[in-house]
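Colleague: Contents are mmCIF, C-alpha atoms and all ligand atoms; file name upload-v5.cif:
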```cif
data_my_file
#
loop_
_atom_site.label_atom_id
_atom_site.label_comp_id
_atom_site.auth_asym_id
_atom_site.auth_seq_id
_atom_site.Cartn_x
_atom_site.Cartn_y
_atom_site.Cartn_z
CA MET A 836 193.94 -126.23 235.93
CA ILE A 837 193.53 -124.26 232.71
CA ASP A 838 189.88 -123.34 233.18
CA LEU A 839 188.28 -122.39 229.87
CA ARG A 840 184.68 -123.17 230.87
CA SER A 841 183.68 -119.53 231.13
CA ASP A 842 184.90 -116.01 231.82
CA THR A 843 182.65 -116.17 234.90
CA VAL A 844 185.43 -118.13 236.66
CA THR A 845 187.72 -115.08 236.81
CA LEU A 846 188.93 -114.18 240.29
CA PRO A 847 188.99 -110.63 241.66
CA THR A 848 192.30 -108.81 241.11
CA PRO A 849 194.42 -107.75 244.13
CA GLU A 850 193.32 -104.15 243.44
CA MET A 851 189.67 -105.23 243.64
CA ARG A 852 190.21 -107.00 246.96
CA LYS A 853 191.87 -103.88 248.38
CA ALA A 854 189.06 -101.65 247.09
CA MET A 855 186.49 -104.02 248.61
CA TYR A 856 188.25 -103.95 251.97
CA GLU A 857 188.41 -100.17 252.01
CA ALA A 858 184.97 -99.46 250.51
CA GLU A 859 182.86 -96.78 252.12
CA VAL A 860 179.35 -98.25 252.51
CA GLY A 861 175.78 -97.39 253.49
CA ASP A 862 172.27 -98.79 253.08
CA ASP A 863 171.67 -99.01 249.35
CA VAL A 864 167.91 -99.58 249.68
CA PHE A 865 167.88 -96.02 251.07
CA GLY A 866 170.16 -95.04 248.16
CA GLU A 867 172.87 -94.24 250.72
CA ASP A 868 175.76 -96.41 249.68
CA PRO A 869 178.32 -93.95 248.28
CA THR A 870 180.32 -96.66 246.49
CA VAL A 871 177.24 -98.09 244.77
CA ASN A 872 176.19 -94.58 243.79
CA ARG A 873 179.63 -93.92 242.32
CA LEU A 874 179.56 -97.20 240.35
CA GLN A 875 176.07 -96.41 239.02
CA GLU A 876 177.14 -92.93 237.89
CA LEU A 877 180.24 -94.33 236.27
CA ALA A 878 178.29 -97.06 234.45
CA ALA A 879 175.67 -94.62 233.18
CA GLU A 880 178.39 -92.30 231.97
CA ARG A 881 180.28 -95.12 230.19
CA MET A 882 177.08 -96.22 228.41
CA GLY A 883 175.90 -92.70 227.61
CA LYS A 884 172.63 -93.28 229.48
CA GLU A 885 170.96 -91.14 232.15
CA ALA A 886 171.06 -93.64 234.98
CA ALA A 887 172.19 -97.11 236.06
CA LEU A 888 171.32 -99.76 238.62
CA PHE A 889 173.61 -102.32 240.26
CA VAL A 890 172.10 -105.83 240.23
CA ALA A 891 173.28 -109.18 241.56
CA SER A 892 173.71 -110.95 238.21
CA GLY A 893 173.17 -110.81 234.49
CA THR A 894 170.10 -112.98 234.88
CA MET A 895 168.63 -110.55 237.40
CA GLY A 896 169.55 -107.61 235.14
CA ASN A 897 167.72 -109.07 232.15
CA LEU A 898 164.74 -110.10 234.30
CA VAL A 899 164.42 -106.69 235.93
CA SER A 900 164.77 -104.92 232.56
CA ILE A 901 162.17 -107.08 230.83
CA LEU A 902 159.73 -106.81 233.75
CA THR A 903 160.20 -103.05 233.68
CA HIS A 904 159.37 -102.87 229.98
CA CYS A 905 156.55 -105.45 229.94
CA GLY A 906 153.45 -106.28 231.93
CA ARG A 907 151.81 -109.69 232.37
CA GLY A 908 150.65 -111.16 229.07
CA ASP A 909 152.86 -108.88 227.00
CA GLU A 910 155.13 -110.47 224.44
CA VAL A 911 158.87 -110.09 223.96
CA ILE A 912 160.66 -110.94 220.72
CA LEU A 913 164.03 -112.55 221.35
CA GLY A 914 166.50 -114.88 219.65
CA ASP A 915 165.85 -118.62 219.86
CA TRP A 916 169.53 -118.96 220.84
CA SER A 917 169.52 -116.02 223.23
CA HIS A 918 170.73 -116.45 226.77
CA THR A 919 167.45 -115.09 228.12
CA PHE A 920 165.40 -117.64 226.20
CA LEU A 921 167.67 -120.61 226.86
CA TYR A 922 169.45 -120.16 230.16
CA GLU A 923 167.54 -117.86 232.49
CA VAL A 924 165.21 -120.48 233.96
CA GLY A 925 162.22 -119.08 232.07
CA GLY A 926 162.14 -116.30 234.67
CA ILE A 927 160.39 -113.73 232.48
CA ALA A 928 157.44 -116.12 232.07
CA ALA A 929 157.52 -117.68 235.54
CA LEU A 930 157.89 -114.46 237.51
CA GLY A 931 156.64 -111.78 235.14
CA GLY A 932 154.00 -113.52 233.04
CA VAL A 933 155.85 -112.24 229.97
CA HIS A 934 155.33 -114.33 226.85
CA PRO A 935 158.53 -115.09 224.93
CA ARG A 936 158.38 -115.08 221.13
CA PRO A 937 161.59 -116.70 219.92
CA VAL A 938 162.82 -115.73 216.46
CA ARG A 939 165.55 -117.69 214.72
CA ASN A 940 169.08 -116.50 215.45
CA GLN A 941 171.37 -116.37 212.42
CA PRO A 942 174.89 -117.80 212.94
CA ASP A 943 176.20 -114.21 213.28
CA GLY A 944 174.01 -113.57 216.35
CA THR A 945 171.48 -111.37 214.54
CA MET A 946 167.82 -112.06 213.88
CA ALA A 947 166.83 -111.22 210.31
CA LEU A 948 164.94 -107.91 210.27
CA GLU A 949 162.14 -109.45 208.22
CA ASP A 950 161.80 -112.26 210.77
CA ILE A 951 161.52 -109.74 213.59
CA GLU A 952 158.97 -107.70 211.69
CA ALA A 953 156.93 -110.81 210.88
CA ALA A 954 156.84 -111.70 214.59
CA ILE A 955 155.38 -108.34 215.67
CA ARG A 956 151.72 -108.86 216.54
CA PRO A 957 149.03 -106.79 214.91
CA GLU A 958 146.12 -105.60 217.07
CA ASN A 959 143.80 -108.58 217.43
CA ILE A 960 141.70 -109.78 220.34
CA HIS A 961 143.40 -113.18 220.18
CA PHE A 962 146.98 -111.97 220.44
CA PRO A 963 149.27 -110.91 223.23
CA ARG A 964 150.71 -107.41 222.70
CA THR A 965 154.28 -107.18 221.47
CA ARG A 966 156.17 -104.71 223.68
CA LEU A 967 159.85 -105.41 223.43
CA ILE A 968 162.68 -106.72 221.24
CA CYS A 969 165.77 -108.18 222.94
CA LEU A 970 169.22 -108.38 221.37
CA GLU A 971 172.39 -110.00 222.70
CA ASN A 972 175.89 -108.56 222.11
CA THR A 973 178.25 -110.36 222.10
CA HIS A 974 176.18 -113.40 221.33
CA ASN A 975 177.15 -116.24 223.66
CA ARG A 976 175.79 -119.29 221.87
CA CYS A 977 176.70 -117.88 218.45
CA GLY A 978 180.38 -118.09 219.47
CA GLY A 979 180.85 -114.56 220.83
CA ALA A 980 179.55 -113.01 217.60
CA VAL A 981 179.45 -109.22 217.52
CA LEU A 982 176.44 -107.12 216.54
CA THR A 983 177.39 -103.87 214.79
CA PRO A 984 176.06 -100.42 215.69
CA GLU A 985 174.39 -100.35 212.25
CA TYR A 986 172.43 -103.55 212.87
CA THR A 987 171.42 -102.42 216.37
CA SER A 988 170.24 -99.15 214.95
CA GLN A 989 168.18 -100.88 212.24
CA VAL A 990 166.44 -103.01 214.87
CA ALA A 991 165.78 -99.91 216.98
CA GLN A 992 164.28 -98.09 214.00
CA LEU A 993 162.02 -101.04 213.29
CA ALA A 994 161.00 -101.12 216.96
CA ARG A 995 160.21 -97.41 216.96
CA ARG A 996 158.04 -97.77 213.87
CA TYR A 997 155.86 -100.20 215.83
CA GLY A 998 156.04 -98.38 219.17
CA LEU A 999 158.22 -101.10 220.74
CA LYS A 1000 161.20 -100.86 223.11
CA VAL A 1001 164.59 -102.51 222.71
CA HIS A 1002 166.58 -104.17 225.49
CA LEU A 1003 170.16 -105.29 224.96
CA ASP A 1004 171.69 -108.21 226.84
CA GLY A 1005 175.19 -106.75 226.73
CA ALA A 1006 176.69 -109.18 229.24
CA ARG A 1007 179.89 -108.90 227.17
CA ILE A 1008 179.28 -105.55 225.49
CA PHE A 1009 182.84 -104.36 226.14
CA ASN A 1010 184.17 -107.38 224.25
CA ALA A 1011 182.04 -106.24 221.31
CA ALA A 1012 183.29 -102.65 221.56
CA ILE A 1013 186.94 -103.77 221.73
CA ALA A 1014 186.50 -106.17 218.79
CA LEU A 1015 184.94 -103.45 216.62
CA GLY A 1016 187.25 -100.69 217.85
CA VAL A 1017 184.30 -98.44 218.68
CA ASP A 1018 183.22 -96.62 221.83
CA VAL A 1019 180.73 -98.77 223.72
CA LYS A 1020 178.26 -95.84 223.55
CA GLU A 1021 177.96 -96.45 219.80
CA LEU A 1022 176.67 -99.95 220.47
CA VAL A 1023 174.02 -98.94 222.97
CA LYS A 1024 172.92 -95.49 221.85
CA ASP A 1025 169.81 -96.79 220.09
CA VAL A 1026 168.56 -99.20 222.75
CA ASP A 1027 166.21 -98.26 225.58
CA SER A 1028 168.00 -100.39 228.15
CA VAL A 1029 171.22 -102.34 228.37
CA MET A 1030 172.48 -104.87 230.88
CA PHE A 1031 176.20 -105.55 231.12
CA CYS A 1032 178.20 -107.80 233.43
CA LEU A 1033 181.07 -106.83 235.70
CA SER A 1034 181.67 -110.44 236.68
CA LYS A 1035 182.64 -111.97 233.34
CA GLY A 1036 185.65 -110.73 231.36
CA LEU A 1037 185.94 -107.68 233.63
CA SER A 1038 186.69 -110.05 236.54
CA ALA A 1039 184.62 -108.57 239.37
CA PRO A 1040 183.42 -111.28 241.76
CA VAL A 1041 179.72 -110.35 241.54
CA GLY A 1042 177.40 -107.99 239.75
CA SER A 1043 175.89 -106.52 236.62
CA MET A 1044 174.55 -103.12 235.65
CA VAL A 1045 171.27 -102.09 234.06
CA CYS A 1046 171.38 -98.72 232.27
CA GLY A 1047 168.67 -96.56 230.73
CA SER A 1048 166.66 -93.39 231.22
CA LYS A 1049 166.11 -91.97 234.74
CA GLU A 1050 162.47 -92.96 234.59
CA PHE A 1051 163.27 -96.51 233.46
CA ILE A 1052 165.88 -97.01 236.17
CA SER A 1053 163.61 -95.67 238.88
CA GLU A 1054 160.97 -98.26 237.91
CA ALA A 1055 163.66 -100.95 237.54
CA ARG A 1056 164.74 -100.20 241.13
CA ARG A 1057 161.21 -101.09 242.33
CA ILE A 1058 161.23 -104.32 240.33
CA ARG A 1059 164.69 -105.20 241.63
CA LYS A 1060 163.30 -104.82 245.17
CA MET A 1061 160.34 -107.03 244.22
CA VAL A 1062 162.59 -109.88 243.10
CA GLY A 1063 164.60 -109.63 246.30
CA GLY A 1064 167.53 -107.75 244.83
CA GLY A 1065 167.49 -104.74 247.16
CA MET A 1066 170.86 -105.19 248.85
CA ARG A 1067 172.21 -103.21 251.80
CA GLN A 1068 175.92 -102.41 252.36
CA VAL A 1069 176.64 -103.64 248.88
CA GLY A 1070 179.39 -101.09 248.29
CA VAL A 1071 181.82 -103.89 249.20
CA LEU A 1072 180.85 -105.48 245.87
CA ALA A 1073 180.42 -102.24 243.93
CA ALA A 1074 184.00 -101.31 244.85
CA ALA A 1075 185.26 -104.25 242.81
CA GLY A 1076 182.90 -103.22 240.03
CA ILE A 1077 184.50 -99.78 239.86
CA VAL A 1078 187.92 -101.37 239.41
CA ALA A 1079 186.42 -103.69 236.77
CA LEU A 1080 185.00 -100.80 234.80
CA THR A 1081 187.99 -98.49 235.05
CA LYS A 1082 190.90 -100.95 234.83
CA MET A 1083 189.82 -104.16 233.14
CA VAL A 1084 188.26 -103.12 229.83
CA ASP A 1085 191.30 -102.45 227.67
CA ARG A 1086 192.95 -105.77 228.49
CA LEU A 1087 190.05 -107.70 226.89
CA VAL A 1088 192.04 -107.46 223.66
CA GLU A 1089 194.42 -110.07 225.11
CA ASP A 1090 191.50 -112.45 225.62
CA HIS A 1091 190.50 -111.99 222.00
CA GLU A 1092 194.05 -112.69 220.81
CA ASN A 1093 194.19 -115.82 222.96
CA ALA A 1094 190.81 -116.98 221.66
CA ARG A 1095 192.03 -116.59 218.08
CA ARG A 1096 195.25 -118.43 218.95
CA LEU A 1097 193.19 -121.26 220.41
CA ALA A 1098 190.87 -121.37 217.37
CA GLU A 1099 193.81 -121.48 214.95
CA GLY A 1100 195.38 -124.34 216.90
CA LEU A 1101 192.07 -126.20 217.10
CA ALA A 1102 191.56 -125.92 213.34
CA GLU A 1103 194.71 -128.04 212.85
CA LEU A 1104 193.50 -130.89 215.07
CA PRO A 1105 191.85 -133.98 213.58
CA GLY A 1106 188.11 -134.31 214.15
CA ILE A 1107 187.67 -130.68 215.12
CA LYS A 1108 185.73 -128.24 212.96
CA ILE A 1109 186.09 -124.51 213.46
CA ASP A 1110 186.61 -121.44 211.30
CA PRO A 1111 189.14 -119.29 213.21
CA GLU A 1112 188.18 -116.24 211.09
CA LYS A 1113 184.79 -116.26 212.80
CA VAL A 1114 186.28 -115.98 216.29
CA LYS A 1115 186.07 -112.25 216.99
CA THR A 1116 185.96 -112.10 220.79
CA ASN A 1117 186.70 -114.42 223.73
CA ILE A 1118 184.29 -117.29 223.03
CA VAL A 1119 185.42 -120.26 220.95
CA ILE A 1120 182.84 -122.86 219.95
CA PHE A 1121 183.92 -125.86 217.91
CA GLU A 1122 182.41 -129.05 216.62
CA PHE A 1123 183.90 -132.28 217.84
CA ASN A 1124 183.58 -135.30 215.57
CA HIS A 1125 185.63 -138.27 216.62
CA PRO A 1126 184.96 -141.91 215.73
CA LYS A 1127 185.96 -143.16 219.20
CA MET A 1128 185.01 -140.37 221.58
CA THR A 1129 181.96 -138.26 222.36
CA PRO A 1130 182.43 -134.55 223.20
CA GLN A 1131 181.66 -135.47 226.84
CA GLU A 1132 184.34 -138.16 226.89
CA PHE A 1133 186.81 -135.76 225.30
CA THR A 1134 186.19 -133.02 227.90
CA GLU A 1135 186.43 -135.65 230.68
CA ARG A 1136 189.82 -136.76 229.36
CA LEU A 1137 190.94 -133.12 229.12
CA LYS A 1138 189.89 -132.57 232.71
CA GLU A 1139 192.13 -135.44 233.84
CA GLU A 1140 194.98 -133.63 232.07
CA GLY A 1141 194.20 -130.24 233.62
CA VAL A 1142 192.09 -128.50 230.97
CA LEU A 1143 188.45 -127.57 231.51
CA MET A 1144 186.02 -126.91 228.64
CA LEU A 1145 182.25 -127.08 228.40
CA PRO A 1146 180.37 -129.49 226.14
CA ILE A 1147 177.29 -127.40 225.22
CA GLU A 1148 174.90 -129.28 223.00
CA GLY A 1149 175.11 -131.86 220.26
CA LYS A 1150 178.72 -132.04 219.14
CA ARG A 1151 179.64 -128.53 220.22
CA ILE A 1152 182.22 -127.66 222.86
CA ARG A 1153 182.83 -124.16 224.26
CA ALA A 1154 186.09 -122.63 225.48
CA VAL A 1155 186.28 -119.06 226.81
CA THR A 1156 189.44 -117.01 227.35
CA HIS A 1157 189.73 -114.52 230.21
CA TYR A 1158 191.89 -112.72 232.75
CA GLY A 1159 194.33 -115.27 234.17
CA ILE A 1160 194.63 -117.26 230.93
CA THR A 1161 197.86 -116.57 229.07
CA ALA A 1162 199.09 -117.40 225.55
CA GLU A 1163 201.28 -120.10 227.17
CA ASP A 1164 198.18 -121.64 228.76
CA ILE A 1165 196.58 -121.79 225.32
CA ASP A 1166 199.63 -123.52 223.86
CA LYS A 1167 199.67 -125.94 226.77
CA ALA A 1168 195.94 -126.68 226.33
CA LEU A 1169 196.47 -127.30 222.61
CA ALA A 1170 199.37 -129.66 223.31
CA ILE A 1171 197.20 -131.59 225.77
CA MET A 1172 194.37 -131.84 223.24
CA ARG A 1173 196.78 -133.05 220.58
CA ARG A 1174 198.07 -135.72 223.00
CA VAL A 1175 194.57 -136.87 224.00
CA LEU A 1176 193.46 -137.08 220.36
CA GLY A 1177 196.72 -138.83 219.38
CA ALA A 1178 196.25 -141.45 222.09
CA MET A 1179 192.77 -142.23 220.78
CA SER A 1180 193.61 -142.49 217.08
N1 LIG A 1201 176.38 -116.86 230.83
C1 LIG A 1201 177.08 -117.93 231.50
C2 LIG A 1201 176.18 -119.15 231.66
O1 LIG A 1201 174.96 -118.82 232.20
C3 LIG A 1201 175.95 -119.88 230.38
C4 LIG A 1201 178.33 -118.25 230.73
O2 LIG A 1201 179.14 -119.02 231.28
O3 LIG A 1201 178.50 -117.76 229.61
N2 LIG A 1201 173.61 -112.98 229.25
C5 LIG A 1201 174.62 -113.64 228.63
C6 LIG A 1201 174.88 -113.39 227.19
C7 LIG A 1201 175.40 -114.56 229.36
O4 LIG A 1201 176.36 -115.22 228.72
C8 LIG A 1201 175.13 -114.76 230.72
C9 LIG A 1201 175.91 -115.75 231.54
C10 LIG A 1201 174.07 -114.04 231.31
C11 LIG A 1201 173.34 -113.16 230.54
C12 LIG A 1201 173.69 -114.22 232.76
O5 LIG A 1201 174.63 -113.75 233.64
P1 LIG A 1201 174.74 -114.32 235.14
O6 LIG A 1201 175.47 -115.63 235.03
O7 LIG A 1201 175.52 -113.27 235.84
O8 LIG A 1201 173.37 -114.47 235.66
#
```
Using structure tokens, write down the structure from this file.
Modeller:
Amino acid sequence: MIDLRSDTVTLPTPEMRKAMYEAEVGDDVFGEDPTVNRLQELAAERMGKEAALFVASGTMGNLVSILTHCGRGDEVILGDWSHTFLYEVGGIAALGGVHPRPVRNQPDGTMALEDIEAAIRPENIHFPRTRLICLENTHNRCGGAVLTPEYTSQVAQLARRYGLKVHLDGARIFNAAIALGVDVKELVKDVDSVMFCLSKGLSAPVGSMVCGSKEFISEARRIRKMVGGGMRQVGVLAAAGIVALTKMVDRLVEDHENARRLAEGLAELPGIKIDPEKVKTNIVIFEFNHPKMTPQEFTERLKEEGVLMLPIEGKRIRAVTHYGITAEDIDKALAIMRRVLGAMS
């Protein structure tokens, strides 16, 4: 199977499995797991933040971060196409009583600064209080679009003017850094908190990191415990995370090259609409318009031929490149798509 559904399907590398087997562990709720502590120090250092916290998933990382910044009835401004708004089960509202205020995402993953500013609530007895702005980099549903350090900094300045905090869903922040050729610190220096995932392109089996100030992380640790995320001898997982962070970042460039290769091939196929120039990282989203097949039927046919992709919504289909997917796999997938489309024409 050539599995392009997500970079979450990556399997741990042999080096990760060895590190997991050999990991020195302790009770992390007591702060005594040496491997977790090492991962947290490493993550904080990589992000240029004071402290970091290991969490079970990206969803938990965003939830814990938002619940740390906001109290019940507070409002968070976030993109209407953001992962937190669309795909995190409404957890911030259900579990934290935090009111989401979605602002339109532009196709490049940003929210217009004037739209953000217009959504900030003035003091009024009728209104919830705006506390937080959330950004997403890279932007999943906007096709892996990359937010620049300049844009992030403009949003942070706006937030500061109104006394708000900024949280960054940086599930794929290293993809953004590699695509822009900048140190990841540049992309997160202006935000108050950042979550990034070890278990996507970096291939660890489980886990994400939340990074921020010492004070923020100490409160986030309490909230993590509250949502049931206080884990015990979790160094067995953190060990893989250390390999992810130290060995798997630079190779993301291959995923980006493969994504571009896929996009260029797709652009040649009948009934498929995509601008390969817009594919900057490892996510490829294209429109599928075929007189005889729906996107669902197309992905079903591809599955029978050994290629997995995800129909997302409307006519859009998503393919994600990752560790384990080679340039030959991309060529093979394109040949299969050509055959399936040819058979239907
Ligand atoms: N995204 C997954 C699915 O949930 C859609 C994927 O396959 O892309 N932020 C962003 C930007 C994400 O893309 C994801 C996962 C998360 C947060 C949540 O991470 P997990 O799956 O670890 O909870």
Colleague: Using only the atoms of range 1002-1011 of chain A listed in the file, plus 4 Å on each side, state the axis-aligned box centre and edge lengths in Å rounded to one decimal, as lines of an AutoDock Vina configuration file.
Modeller:
```
center_x = 175.4
center_y = -106.7
center_z = 225.3
size_x = 25.6
size_y = 13.0
size_z = 15.9
```
Colleague: Would you mind telling me which residue in A:Val1084, A:Ala1154, A:Val938, A:Val1026 lies nearest to ligand LIG 1201 (chain A) when using all atoms listed in the file?
Modeller: A:Ala1154
Colleague: Between chain A and ligand LIG 1201 (chain A), at 7 Å or less, what are the per-residue closest atom pairs and their distances in Å? Count only C-alpha atoms and all ligand atoms, order by chain and rising residue number, and return it as a Markdown table.
Modeller:
```
| residue | atom | partner | partner_atom | distance |
| --- | --- | --- | --- | --- |
| A:Arg840 | CA | A:LIG1201 | O2 | 6.9 |
| A:Ser841 | CA | A:LIG1201 | O2 | 4.6 |
| A:Asp842 | CA | A:LIG1201 | O2 | 6.5 |
| A:Thr843 | CA | A:LIG1201 | O2 | 5.8 |
| A:Ser892 | CA | A:LIG1201 | O7 | 3.8 |
| A:Gly893 | CA | A:LIG1201 | O5 | 3.4 |
| A:Thr894 | CA | A:LIG1201 | O8 | 3.7 |
| A:Met895 | CA | A:LIG1201 | O8 | 6.4 |
| A:His918 | CA | A:LIG1201 | N2 | 5.1 |
| A:Thr919 | CA | A:LIG1201 | N2 | 6.6 |
| A:Tyr922 | CA | A:LIG1201 | O1 | 6.0 |
| A:Glu971 | CA | A:LIG1201 | C6 | 6.2 |
| A:Thr973 | CA | A:LIG1201 | C6 | 6.8 |
| A:His974 | CA | A:LIG1201 | C6 | 6.0 |
| A:Asn975 | CA | A:LIG1201 | C6 | 5.1 |
| A:Asp1004 | CA | A:LIG1201 | N2 | 5.7 |
| A:Gly1005 | CA | A:LIG1201 | C6 | 6.7 |
| A:Ala1006 | CA | A:LIG1201 | N2 | 4.9 |
| A:Arg1007 | CA | A:LIG1201 | C6 | 6.7 |
| A:Cys1032 | CA | A:LIG1201 | O7 | 6.6 |
| A:Ser1034 | CA | A:LIG1201 | O7 | 6.8 |
| A:Gly1042 | CA | A:LIG1201 | O7 | 6.8 |
| A:Ser1043 | CA | A:LIG1201 | O7 | 6.8 |
```
Colleague: Select, from A:Glu859, A:Val864, A:Ala886, A:Tyr997, the residue with the minimum atom-to-atom distance to Glu958 in chain A, counting all atoms listed in the file.
Modeller: A:Tyr997
Colleague: Considering all atoms listed in the file, can you say which of A:Phe1031, A:Phe1051, A:Phe962, A:Tyr1158 comes closest to Lys1082 in chain A?
Modeller: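 Checking each of A:Phe1031, A:Phe1051, A:Phe962, A:Tyr1158 against Lys1082 in chain A, counting all atoms listed in the file, the winner is A:Tyr1158.
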Colleague: Please indicate the distance in Å from CA of Asn1093 in chain A to CA of Gly1076 in chain A, rounded to one decimal place.
Modeller: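 Spanning CA of Asn1093 in chain A to CA of Gly1076 in chain A is a straight-line distance of 24.0 Å.
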Colleague: Counting all atoms listed in the file, which residues come within 7 Å of (169.7, -97.6, 219.6), with the point read in the file's coordinates, and could you list them as a PDB file with C-alpha atoms, keeping the file's coordinate frame?
Modeller:
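And here is the file that came out, point.pdb:
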```
ATOM      1  CA  THR A 987     171.420-102.420 216.370  1.00  0.00           C
ATOM      2  CA  SER A 988     170.240 -99.150 214.950  1.00  0.00           C
ATOM      3  CA  ALA A 991     165.780 -99.910 216.980  1.00  0.00           C
ATOM      4  CA  VAL A1023     174.020 -98.940 222.970  1.00  0.00           C
ATOM      5  CA  LYS A1024     172.920 -95.490 221.850  1.00  0.00           C
ATOM      6  CA  ASP A1025     169.810 -96.790 220.090  1.00  0.00           C
ATOM      7  CA  VAL A1026     168.560 -99.200 222.750  1.00  0.00           C
ATOM      8  CA  ASP A1027     166.210 -98.260 225.580  1.00  0.00           C
TER       9      ASP A1027
END
```
Colleague: Counting all atoms listed in the file, select every polymer residue within 12 Å of (191.4, -97.8, 246.5) as defined in the file's coordinates, and provide the selection as a list in words.
Modeller: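 Residues found, by chain and rising number: Pro849, Glu850, Met851, Arg852, Lys853, Ala854, Met855, Tyr856, Glu857, Ala858, Glu859, Thr870, Val1071, Ala1074, Ala1075, Gly1076, Ile1077, Val1078 and Thr1081 of chain A.
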Colleague: From the options A:Met1066, A:Ala1098, A:Ala980, A:Val1175, which residue's atoms come nearest to Val860 in chain A, counting all atoms listed in the file?
Modeller: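 Smallest distance to Val860 in chain A is found for A:Met1066.
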Colleague: Would you mind reading off the distance between CA of His961 in chain A and CA of His934 in chain A, one decimal, in Å?
Modeller: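 Going from CA of His961 in chain A over to CA of His934 in chain A, I get 13.7 Å.
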Colleague: Which residue out of A:Ser1053, A:Thr945, A:Asn872, A:Asn1124 has the minimum interatomic distance to Glu985 in chain A when all atoms listed in the file are used?
Modeller: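 Ranked by minimum distance to Glu985 in chain A, first place goes to A:Thr945.
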Colleague: Quick one: residues within 7 Å of range 964-967 of chain A, only C-alpha atoms counted, chain neighbours fewer than 2 positions away excluded, as a PDB file with C-alpha atoms, in the coordinates of the input?
Modeller:
```pdb
ATOM      1  CA  CYS A 905     156.550-105.450 229.940  1.00  0.00           C
ATOM      2  CA  ASP A 909     152.860-108.880 227.000  1.00  0.00           C
ATOM      3  CA  GLU A 910     155.130-110.470 224.440  1.00  0.00           C
ATOM      4  CA  VAL A 911     158.870-110.090 223.960  1.00  0.00           C
ATOM      5  CA  ILE A 912     160.660-110.940 220.720  1.00  0.00           C
ATOM      6  CA  ILE A 955     155.380-108.340 215.670  1.00  0.00           C
ATOM      7  CA  ARG A 956     151.720-108.860 216.540  1.00  0.00           C
ATOM      8  CA  PHE A 962     146.980-111.970 220.440  1.00  0.00           C
ATOM      9  CA  CYS A 969     165.770-108.180 222.940  1.00  0.00           C
ATOM     10  CA  LEU A 999     158.220-101.100 220.740  1.00  0.00           C
ATOM     11  CA  LYS A1000     161.200-100.860 223.110  1.00  0.00           C
ATOM     12  CA  VAL A1001     164.590-102.510 222.710  1.00  0.00           C
TER      13      VAL A1001
END
```
Colleague: If you count all atoms listed in the file, which residues fall within 7 Å of Leu970 in chain A, apart from same-chain ones fewer than 4 positions away, as a PyMOL selection string?
Modeller: chain A and resi 913+1002-1004
Colleague: Pick from A:Ala1102, A:Ala1055, A:Leu1037, A:Met882: nearest to Thr903 in chain A, with all atoms listed in the file counted?
Modeller: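 When distances to Thr903 in chain A are compared using all atoms listed in the file, the smallest one comes from A:Ala1055.
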Colleague: Residues at most 10 Å from Arg939 in chain A, counting all atoms listed in the file, excluding those fewer than 5 positions away in the same chain, as a compact mmCIF listing (two decimals) with C-alpha atoms, in the frame of the given file?
Modeller:
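Printed below is out32.txt as written:
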```
# COMPACT_ATOMS: atom_id res chain seq x y z
CA LEU A 913 164.03 -112.55 221.35
CA GLY A 914 166.50 -114.88 219.65
CA ASP A 915 165.85 -118.62 219.86
CA TRP A 916 169.53 -118.96 220.84
CA SER A 917 169.52 -116.02 223.23
CA GLY A 944 174.01 -113.57 216.35
CA THR A 945 171.48 -111.37 214.54
CA MET A 946 167.82 -112.06 213.88
CA ALA A 947 166.83 -111.22 210.31
CA ASP A 950 161.80 -112.26 210.77
CA ILE A 951 161.52 -109.74 213.59
```
Colleague: Could you state the separation of CA of Ile1008 in chain A and CA of Met1144 in chain A in Å, given to one decimal place?
Modeller: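 CA of Met1144 in chain A lies at a distance of 22.6 Å from CA of Ile1008 in chain A.
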